[in-house]
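**Student:** Starting off with a structure, shown below.
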Amino acid sequence: MGLFERLLSVWVGLAIVCGIVLGLLVPGVFEFLASLEYAKVNFPVAVLIWAMVFPMMVDVDFTSLRQIGSKPRGIMITLVVNWLIKPFSMATLGVLFFRCVFADFIPTDDAESYIAGLILLGAAPCTAMVFVWSQLTRGDATYTLVQVSLNDAIMVFAFAPIVAFLLGVTDITIPWETLLLSVALYVILPLGAGIVTRQTLKASGGEPTVKTFLARVKPFSAIGLLATIVLLFGFQGQVIVSSPILIALIAVPILLQSYGIFALAYGAAYVLKVPHKIAAPCAMIGTSNFFELAVAVAISLYGLNSGAALATVVGVLVEVPVMLSLVAFANRTRTAFKAD
């Protein structure tokens, strides 16, 4: 791993602090950046998310899908957890806490917006950072690539319908055009561009050419991640500083979801006698979120300063320390699993 991956929590923490401080010191700059949008799509956020996601999409090799049958139990856990459980458990927790447990503390309209943001987080399984979590737990790199490729393929078709269904169930208005535009802009287009780029590079020089290209563009992914975090926390800095209790309330269902989903997937892998190098990444991909997509869609649907956008940003705040704690737990429990 490079310096960025080894010190990930440090960089993300610094980016969060930097964003909040800048948002308080130069709010006019962030107001200007927030105004650069069309059809509810914010251009600075879109550019940064593309910079962050595109190298990951080039790294996805869809030919790896042919290896699905070689590790069926891990793939089964991944599919069931990511698409049949996680979106619905997150929606359930959001409704439970913001319509019942926290009902006396949060206005109804705000609560509905936070629920929408949580639904967007729950419906977007990780496609990028799972490579880092897998590497930190010495996971099977080929399996990780297979599950990411499969999730990306499913996400193209399933993300919008699942989000629309859950938003409909929770009685939140569904702006279908904006939702579909967001999926096209942040999933389909970068994925298509990644496939074309990968095939072009392979045709010109084979896999070494692909690796050389990725080595050159991956720093832009890191820059995009940190810049996106700075931007998002700059937009929400005033709210975060003035309402720390609100941030803690939003974090509660996210924490329960994260640890609960990991326990479910990791426990299922243990019961099914899945080797640790498969069990760890299959649990990690369900626990982690494609927060880049969730944030982008929340901004597109509800606006930069909405409760939905804030909820997805809190997801970013919570995810890194949670995932690092789960990486440590997975590494400590390696010997409990079937030998690799």
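Here, A, B, ... name the chains of the structure tokens in the order displayed, residue numbers run from 1 inside each chain, and ligands are numbered from 1 in the same displayed order.
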Per residue of segment 262-301 of chain A within 9 Å of segment 105-128 of chain A, what are the shortest atom pair and its distance in Å to one decimal, counting only C-alpha atoms, with rows by chain and residue number, as JSON lines?
**Tutor:**
{"residue": "A:Met284", "atom": "CA", "partner": "A:Cys126", "partner_atom": "CA", "distance": 8.5}
{"residue": "A:Ile285", "atom": "CA", "partner": "A:Cys126", "partner_atom": "CA", "distance": 5.5}
{"residue": "A:Gly286", "atom": "CA", "partner": "A:Pro125", "partner_atom": "CA", "distance": 6.1}
{"residue": "A:Thr287", "atom": "CA", "partner": "A:Pro125", "partner_atom": "CA", "distance": 7.8}
{"residue": "A:Ser288", "atom": "CA", "partner": "A:Cys126", "partner_atom": "CA", "distance": 5.4}
{"residue": "A:Asn289", "atom": "CA", "partner": "A:Cys126", "partner_atom": "CA", "distance": 4.3}
{"residue": "A:Phe290", "atom": "CA", "partner": "A:Cys126", "partner_atom": "CA", "distance": 4.1}
{"residue": "A:Phe291", "atom": "CA", "partner": "A:Leu121", "partner_atom": "CA", "distance": 6.4}
{"residue": "A:Leu293", "atom": "CA", "partner": "A:Ala124", "partner_atom": "CA", "distance": 7.0}
{"residue": "A:Ala294", "atom": "CA", "partner": "A:Leu120", "partner_atom": "CA", "distance": 5.1}
{"residue": "A:Val295", "atom": "CA", "partner": "A:Leu120", "partner_atom": "CA", "distance": 8.0}
{"residue": "A:Val297", "atom": "CA", "partner": "A:Leu120", "partner_atom": "CA", "distance": 7.6}
{"residue": "A:Ala298", "atom": "CA", "partner": "A:Gly117", "partner_atom": "CA", "distance": 6.3}
**Student:** For segment 45-47 of chain A, list every protein, DNA or RNA residue within 8 Å, evaluated using only C-alpha atoms, and leave out those in the same chain fewer than 2 positions away; present the list as a compact mmCIF listing (two decimals) with all heavy atoms, in the first residue's frame.
**Tutor:**
# COMPACT_ATOMS: atom_id res chain seq x y z
N VAL A 41 -27.66 19.48 -10.58
CA VAL A 41 -26.36 18.80 -10.61
C VAL A 41 -25.28 19.83 -10.38
O VAL A 41 -25.11 20.76 -11.17
CB VAL A 41 -26.13 18.07 -11.95
CG1 VAL A 41 -24.72 17.50 -12.00
CG2 VAL A 41 -27.15 16.97 -12.15
N ASN A 42 -24.55 19.72 -9.27
CA ASN A 42 -23.50 20.67 -8.94
C ASN A 42 -22.23 20.30 -9.69
O ASN A 42 -21.72 19.19 -9.56
CB ASN A 42 -23.25 20.68 -7.43
CG ASN A 42 -22.21 21.69 -7.03
OD1 ASN A 42 -21.03 21.37 -6.89
ND2 ASN A 42 -22.61 22.95 -6.87
N PHE A 43 -21.72 21.23 -10.50
CA PHE A 43 -20.57 20.93 -11.37
C PHE A 43 -19.28 20.63 -10.60
O PHE A 43 -18.58 19.67 -10.95
CB PHE A 43 -20.36 22.09 -12.36
CG PHE A 43 -21.50 22.25 -13.33
CD1 PHE A 43 -22.11 23.48 -13.51
CD2 PHE A 43 -21.97 21.16 -14.05
CE1 PHE A 43 -23.17 23.62 -14.39
CE2 PHE A 43 -23.02 21.30 -14.95
CZ PHE A 43 -23.63 22.54 -15.12
N ILE A 49 -16.14 13.98 -8.18
CA ILE A 49 -16.58 12.59 -8.07
C ILE A 49 -16.13 11.79 -9.28
O ILE A 49 -15.71 10.64 -9.16
CB ILE A 49 -18.11 12.53 -7.88
CG1 ILE A 49 -18.45 13.00 -6.46
CG2 ILE A 49 -18.64 11.12 -8.12
CD1 ILE A 49 -19.91 13.06 -6.14
N TRP A 50 -16.16 12.40 -10.45
CA TRP A 50 -15.64 11.71 -11.64
C TRP A 50 -14.15 11.43 -11.48
O TRP A 50 -13.68 10.34 -11.81
CB TRP A 50 -15.89 12.57 -12.88
CG TRP A 50 -17.05 12.09 -13.68
CD1 TRP A 50 -18.37 12.27 -13.41
CD2 TRP A 50 -16.99 11.34 -14.89
NE1 TRP A 50 -19.14 11.67 -14.37
CE2 TRP A 50 -18.33 11.10 -15.30
CE3 TRP A 50 -15.95 10.84 -15.68
CZ2 TRP A 50 -18.64 10.37 -16.44
CZ3 TRP A 50 -16.27 10.12 -16.82
CH2 TRP A 50 -17.59 9.89 -17.19
N ALA A 51 -13.40 12.42 -10.98
CA ALA A 51 -11.96 12.22 -10.76
C ALA A 51 -11.71 11.10 -9.78
O ALA A 51 -10.75 10.33 -9.91
CB ALA A 51 -11.33 13.52 -10.25
N TYR A 186 -23.31 9.41 -12.63
CA TYR A 186 -22.31 8.97 -11.65
C TYR A 186 -22.04 7.47 -11.65
O TYR A 186 -21.11 7.02 -10.98
CB TYR A 186 -22.74 9.40 -10.24
CG TYR A 186 -22.89 10.90 -10.11
CD1 TYR A 186 -24.11 11.48 -9.81
CD2 TYR A 186 -21.80 11.73 -10.32
CE1 TYR A 186 -24.26 12.86 -9.70
CE2 TYR A 186 -21.93 13.11 -10.22
CZ TYR A 186 -23.16 13.66 -9.91
OH TYR A 186 -23.29 15.02 -9.81
N THR A 228 -13.30 16.37 -2.44
CA THR A 228 -14.74 16.20 -2.27
C THR A 228 -15.12 16.33 -0.80
O THR A 228 -16.12 16.99 -0.45
CB THR A 228 -15.20 14.82 -2.80
OG1 THR A 228 -14.88 14.72 -4.18
CG2 THR A 228 -16.70 14.64 -2.61
N LEU A 231 -14.95 19.92 0.23
CA LEU A 231 -16.08 20.66 -0.34
C LEU A 231 -17.36 20.35 0.42
O LEU A 231 -18.11 21.27 0.80
CB LEU A 231 -16.24 20.30 -1.82
CG LEU A 231 -17.03 21.27 -2.70
CD1 LEU A 231 -16.37 22.64 -2.70
CD2 LEU A 231 -17.11 20.73 -4.12
N ALA A 296 -23.69 12.54 -4.22
CA ALA A 296 -24.02 13.20 -5.49
C ALA A 296 -25.52 13.16 -5.76
O ALA A 296 -26.12 14.16 -6.18
CB ALA A 296 -23.26 12.54 -6.63
**Student:** Name all residues at most 7 Å from Phe233 of chain A (count only C-alpha atoms; drop same-chain ones fewer than 4 positions away) and give them as a PDB file with N, CA and C atoms, in the first residue's frame.
**Tutor:**
ATOM      1  N   ILE A  16     -11.647  16.777   6.604  1.00  0.00           N
ATOM      2  CA  ILE A  16     -12.884  17.160   7.291  1.00  0.00           C
ATOM      3  C   ILE A  16     -12.681  18.457   8.068  1.00  0.00           C
ATOM      4  N   GLY A  19     -12.275  21.379   5.668  1.00  0.00           N
ATOM      5  CA  GLY A  19     -13.547  21.780   5.068  1.00  0.00           C
ATOM      6  C   GLY A  19     -14.400  22.591   6.012  1.00  0.00           C
ATOM      7  N   ILE A  20     -14.502  22.136   7.259  1.00  0.00           N
ATOM      8  CA  ILE A  20     -15.318  22.862   8.239  1.00  0.00           C
ATOM      9  C   ILE A  20     -14.753  24.249   8.500  1.00  0.00           C
ATOM     10  N   ILE A 229     -14.335  15.716   0.082  1.00  0.00           N
ATOM     11  CA  ILE A 229     -14.608  15.797   1.515  1.00  0.00           C
ATOM     12  C   ILE A 229     -14.496  17.240   2.001  1.00  0.00           C
ATOM     13  N   GLY A 237     -20.422  22.949   6.956  1.00  0.00           N
ATOM     14  CA  GLY A 237     -19.633  23.290   8.129  1.00  0.00           C
ATOM     15  C   GLY A 237     -20.411  24.008   9.215  1.00  0.00           C
TER      16      GLY A 237
END
**Student:** Between A:Tyr302, A:Tyr270, A:Tyr259, A:Phe131, which one has atoms that come closest to Thr144 of chain A, using only C-alpha atoms?
**Tutor:** A:Phe131
**Student:** Tell me, which residues of segment 16-195 of chain A carry DSSP strand (DSSP E), written as a VMD selection string?
**Tutor:** chain A and resid 37 to 38 41 to 42
**Student:** Take the residues from that selection and write them out as a CSV table (one decimal), in the first residue's frame, keeping C-alpha atoms.
**Tutor:**
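Output file result-v5.csv is given in full below:
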chain,number,residue,atom,x,y,z
A,37,GLU,CA,-25.2,23.9,-10.9
A,38,TYR,CA,-27.7,22.9,-13.6
A,41,VAL,CA,-26.4,18.8,-10.6
A,42,ASN,CA,-23.5,20.7,-8.9
**Student:** For Pro44 of chain A, find every residue with an atom within 8 Å (counting only C-alpha atoms), except residues of its own chain fewer than 4 positions away, and show them as a short mmCIF file (atom, residue, chain, number, x, y, z; two decimals) with C-alpha atoms, in the first residue's frame.
**Tutor:**
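Writing done, so here's out.cif:
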data_model
loop_
_atom_site.label_atom_id
_atom_site.label_comp_id
_atom_site.auth_asym_id
_atom_site.auth_seq_id
_atom_site.Cartn_x
_atom_site.Cartn_y
_atom_site.Cartn_z
CA LEU A 33 -19.40 26.89 -5.67
CA LEU A 36 -22.54 26.34 -10.06
CA LEU A 48 -14.47 15.74 -8.25
#
**Student:** Residues within 10 Å of Leu201 of chain A, please, as a list of chain:residue names. Count only C-alpha atoms; anything in the same chain fewer than 3 positions from it doesn't count.
**Tutor:**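 In the requested form, the answer reads A:Val58, A:Ile195, A:Val196, A:Thr197, A:Arg198, A:Ser204, A:Gly205, A:Gly206, A:Glu207, A:Pro208, A:Thr209, A:Val210, A:Lys211, A:Thr212, A:Phe213.
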**Student:** Kindly save the residues from that selection, with all heavy atoms included, as a CSV table (one decimal), in the first residue's frame.
**Tutor:**
chain,number,residue,atom,x,y,z
A,58,VAL,N,-11.9,2.0,-14.3
A,58,VAL,CA,-10.9,1.5,-15.2
A,58,VAL,C,-10.3,0.2,-14.6
A,58,VAL,O,-10.1,-0.8,-15.3
A,58,VAL,CB,-9.8,2.5,-15.5
A,58,VAL,CG1,-8.7,1.8,-16.4
A,58,VAL,CG2,-10.3,3.7,-16.2
A,195,ILE,N,-14.7,1.2,-19.0
A,195,ILE,CA,-14.7,0.0,-19.8
A,195,ILE,C,-14.0,0.3,-21.1
A,195,ILE,O,-13.1,-0.5,-21.6
A,195,ILE,CB,-16.1,-0.6,-20.1
A,195,ILE,CG1,-16.7,-1.1,-18.8
A,195,ILE,CG2,-16.0,-1.7,-21.1
A,195,ILE,CD1,-18.1,-1.5,-18.9
A,196,VAL,N,-14.4,1.4,-21.8
A,196,VAL,CA,-13.8,1.8,-23.1
A,196,VAL,C,-12.3,2.0,-22.9
A,196,VAL,O,-11.4,1.6,-23.7
A,196,VAL,CB,-14.5,3.0,-23.7
A,196,VAL,CG1,-13.7,3.5,-24.9
A,196,VAL,CG2,-15.9,2.6,-24.0
A,197,THR,N,-11.9,2.8,-21.9
A,197,THR,CA,-10.5,3.1,-21.6
A,197,THR,C,-9.7,1.8,-21.4
A,197,THR,O,-8.6,1.7,-21.9
A,197,THR,CB,-10.4,4.0,-20.4
A,197,THR,OG1,-11.1,5.2,-20.6
A,197,THR,CG2,-8.9,4.4,-20.1
A,198,ARG,N,-10.2,0.9,-20.6
A,198,ARG,CA,-9.5,-0.3,-20.3
A,198,ARG,C,-9.3,-1.2,-21.5
A,198,ARG,O,-8.2,-1.7,-21.8
A,198,ARG,CB,-10.3,-1.2,-19.2
A,198,ARG,CG,-9.6,-2.4,-18.8
A,198,ARG,CD,-10.3,-3.2,-17.8
A,198,ARG,NE,-9.5,-4.3,-17.3
A,198,ARG,CZ,-8.7,-4.3,-16.3
A,198,ARG,NH1,-8.4,-3.2,-15.7
A,198,ARG,NH2,-8.0,-5.4,-16.0
A,204,SER,N,-3.8,-1.8,-27.0
A,204,SER,CA,-2.6,-1.1,-27.4
A,204,SER,C,-1.3,-1.7,-26.8
A,204,SER,O,-0.2,-1.6,-27.3
A,204,SER,CB,-2.6,0.4,-27.2
A,204,SER,OG,-2.7,0.6,-25.8
A,205,GLY,N,-1.5,-2.3,-25.6
A,205,GLY,CA,-0.3,-2.8,-24.9
A,205,GLY,C,-0.5,-3.9,-23.9
A,205,GLY,O,0.4,-4.2,-23.1
A,206,GLY,N,-1.7,-4.4,-23.8
A,206,GLY,CA,-2.0,-5.4,-22.8
A,206,GLY,C,-2.2,-4.9,-21.4
A,206,GLY,O,-2.2,-3.7,-21.1
A,207,GLU,N,-2.2,-5.8,-20.4
A,207,GLU,CA,-2.4,-5.5,-19.0
A,207,GLU,C,-1.4,-4.6,-18.4
A,207,GLU,O,-1.7,-3.7,-17.6
A,207,GLU,CB,-2.5,-6.8,-18.2
A,207,GLU,CG,-3.1,-6.7,-16.8
A,207,GLU,CD,-4.6,-6.2,-16.9
A,207,GLU,OE1,-5.3,-6.6,-17.8
A,207,GLU,OE2,-5.0,-5.4,-16.0
A,208,PRO,N,-0.1,-4.7,-18.8
A,208,PRO,CA,0.9,-3.8,-18.3
A,208,PRO,C,0.6,-2.3,-18.6
A,208,PRO,O,0.9,-1.4,-17.8
A,208,PRO,CB,2.2,-4.2,-19.0
A,208,PRO,CG,2.0,-5.7,-19.3
A,208,PRO,CD,0.6,-5.8,-19.6
A,209,THR,N,0.0,-2.1,-19.8
A,209,THR,CA,-0.3,-0.7,-20.2
A,209,THR,C,-1.5,-0.2,-19.3
A,209,THR,O,-1.5,1.0,-18.9
A,209,THR,CB,-0.8,-0.7,-21.7
A,209,THR,OG1,0.3,-1.2,-22.5
A,209,THR,CG2,-1.1,0.8,-22.1
A,210,VAL,N,-2.4,-1.1,-19.0
A,210,VAL,CA,-3.5,-0.7,-18.1
A,210,VAL,C,-2.9,-0.4,-16.7
A,210,VAL,O,-3.3,0.7,-16.1
A,210,VAL,CB,-4.5,-1.9,-17.9
A,210,VAL,CG1,-5.6,-1.5,-16.9
A,210,VAL,CG2,-5.2,-2.2,-19.3
A,211,LYS,N,-2.0,-1.2,-16.2
A,211,LYS,CA,-1.4,-0.9,-14.9
A,211,LYS,C,-0.6,0.4,-14.8
A,211,LYS,O,-0.7,1.2,-13.9
A,211,LYS,CB,-0.5,-2.1,-14.5
A,211,LYS,CG,-1.3,-3.3,-14.2
A,211,LYS,CD,-0.4,-4.5,-13.7
A,211,LYS,CE,-1.2,-5.7,-13.4
A,211,LYS,NZ,-0.4,-6.9,-13.0
A,212,THR,N,0.1,0.7,-15.9
A,212,THR,CA,0.8,1.9,-16.0
A,212,THR,C,-0.1,3.1,-16.0
A,212,THR,O,0.1,4.1,-15.3
A,212,THR,CB,1.7,1.9,-17.3
A,212,THR,OG1,2.6,0.9,-17.3
A,212,THR,CG2,2.5,3.3,-17.4
A,213,PHE,N,-1.2,3.0,-16.8
A,213,PHE,CA,-2.2,4.1,-16.8
A,213,PHE,C,-2.8,4.3,-15.4
A,213,PHE,O,-2.9,5.5,-15.0
A,213,PHE,CB,-3.3,3.8,-17.8
A,213,PHE,CG,-4.4,4.8,-17.9
A,213,PHE,CD1,-4.2,5.9,-18.6
A,213,PHE,CD2,-5.6,4.5,-17.2
A,213,PHE,CE1,-5.3,6.9,-18.6
A,213,PHE,CE2,-6.6,5.5,-17.3
A,213,PHE,CZ,-6.5,6.6,-18.0
**Student:** By how many Å are atom CA of Pro244 of chain A and atom CA of Ala222 of chain A apart?
**Tutor:** 27.7 Å
**Student:** Show which residues sit within 12 Å of Ala184 of chain A, as a ChimeraX atom specification. Count only C-alpha atoms, and ignore same-chain residues fewer than 3 positions away.
**Tutor:** /A:41,46,155-157,159-160,177-181,187-193,293,296-297
**Student:** Which residues in segment 252-323 of chain A does DSSP call helix (DSSP H, G or I)? List them as a ChimeraX atom specification.
**Tutor:** /A:252-271,276-287,291-302,307-323
**Student:** Using only C-alpha atoms, pick whichever of A:Ile261, A:Ala164, A:Ile247, A:Ala215 has the shortest atom-to-atom distance to Val81 of chain A.
**Tutor:**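 Counting only C-alpha atoms, the residue closest to Val81 of chain A is A:Ile261.
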**Student:** Tell me, in Å to one decimal, how far atom CA of Ala309 of chain A is from atom CA of Leu7 of chain A.
**Tutor:**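 So the two atoms, atom CA of Ala309 of chain A and atom CA of Leu7 of chain A, lie 26.4 Å apart.
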**Student:** Using only C-alpha atoms, determine which residues lie at most 9 Å from Lys273 of chain A, disregarding the query and same-chain residues fewer than 4 positions distant; provide the list as a PDB file with N, CA and C atoms, in the first residue's frame.
**Tutor:**
ATOM      1  N   ARG A  73     -20.108 -19.236  -2.501  1.00  0.00           N
ATOM      2  CA  ARG A  73     -20.643 -18.873  -1.183  1.00  0.00           C
ATOM      3  C   ARG A  73     -20.368 -17.410  -0.847  1.00  0.00           C
ATOM      4  N   ALA A 268     -22.313 -15.037   8.598  1.00  0.00           N
ATOM      5  CA  ALA A 268     -22.749 -15.984   7.573  1.00  0.00           C
ATOM      6  C   ALA A 268     -21.556 -16.663   6.919  1.00  0.00           C
ATOM      7  N   ALA A 269     -20.492 -15.897   6.677  1.00  0.00           N
ATOM      8  CA  ALA A 269     -19.285 -16.467   6.079  1.00  0.00           C
ATOM      9  C   ALA A 269     -18.663 -17.508   7.012  1.00  0.00           C
ATOM     10  N   ALA A 279     -14.087 -14.153   3.235  1.00  0.00           N
ATOM     11  CA  ALA A 279     -15.047 -13.676   4.231  1.00  0.00           C
ATOM     12  C   ALA A 279     -14.868 -12.189   4.532  1.00  0.00           C
ATOM     13  N   PHE A 337     -11.394 -18.710  11.252  1.00  0.00           N
ATOM     14  CA  PHE A 337     -11.981 -19.130   9.987  1.00  0.00           C
ATOM     15  C   PHE A 337     -11.225 -20.297   9.385  1.00  0.00           C
ATOM     16  N   LYS A 338     -11.874 -20.907   8.419  1.00  0.00           N
ATOM     17  CA  LYS A 338     -11.277 -22.002   7.657  1.00  0.00           C
ATOM     18  C   LYS A 338      -9.954 -21.533   7.066  1.00  0.00           C
TER      19      LYS A 338
END
**Student:** Using 8 Å as the limit and counting only C-alpha atoms, can you tabulate each residue of segment 128-228 of chain A that touches segment 86-96 of chain A, with its shortest atom-to-atom distance in Å and the two atoms involved, as a Markdown table?
**Tutor:**
| residue | atom | partner | partner_atom | distance |
| --- | --- | --- | --- | --- |
| A:Ile162 | CA | A:Pro87 | CA | 7.7 |
| A:Leu166 | CA | A:Ala91 | CA | 7.0 |
| A:Thr170 | CA | A:Val95 | CA | 7.6 |
**Student:** If I take atom CA of Gln135 of chain A and atom CA of Ala283 of chain A, how far is one from the other in Å, to one decimal?
**Tutor:** 13.3 Å
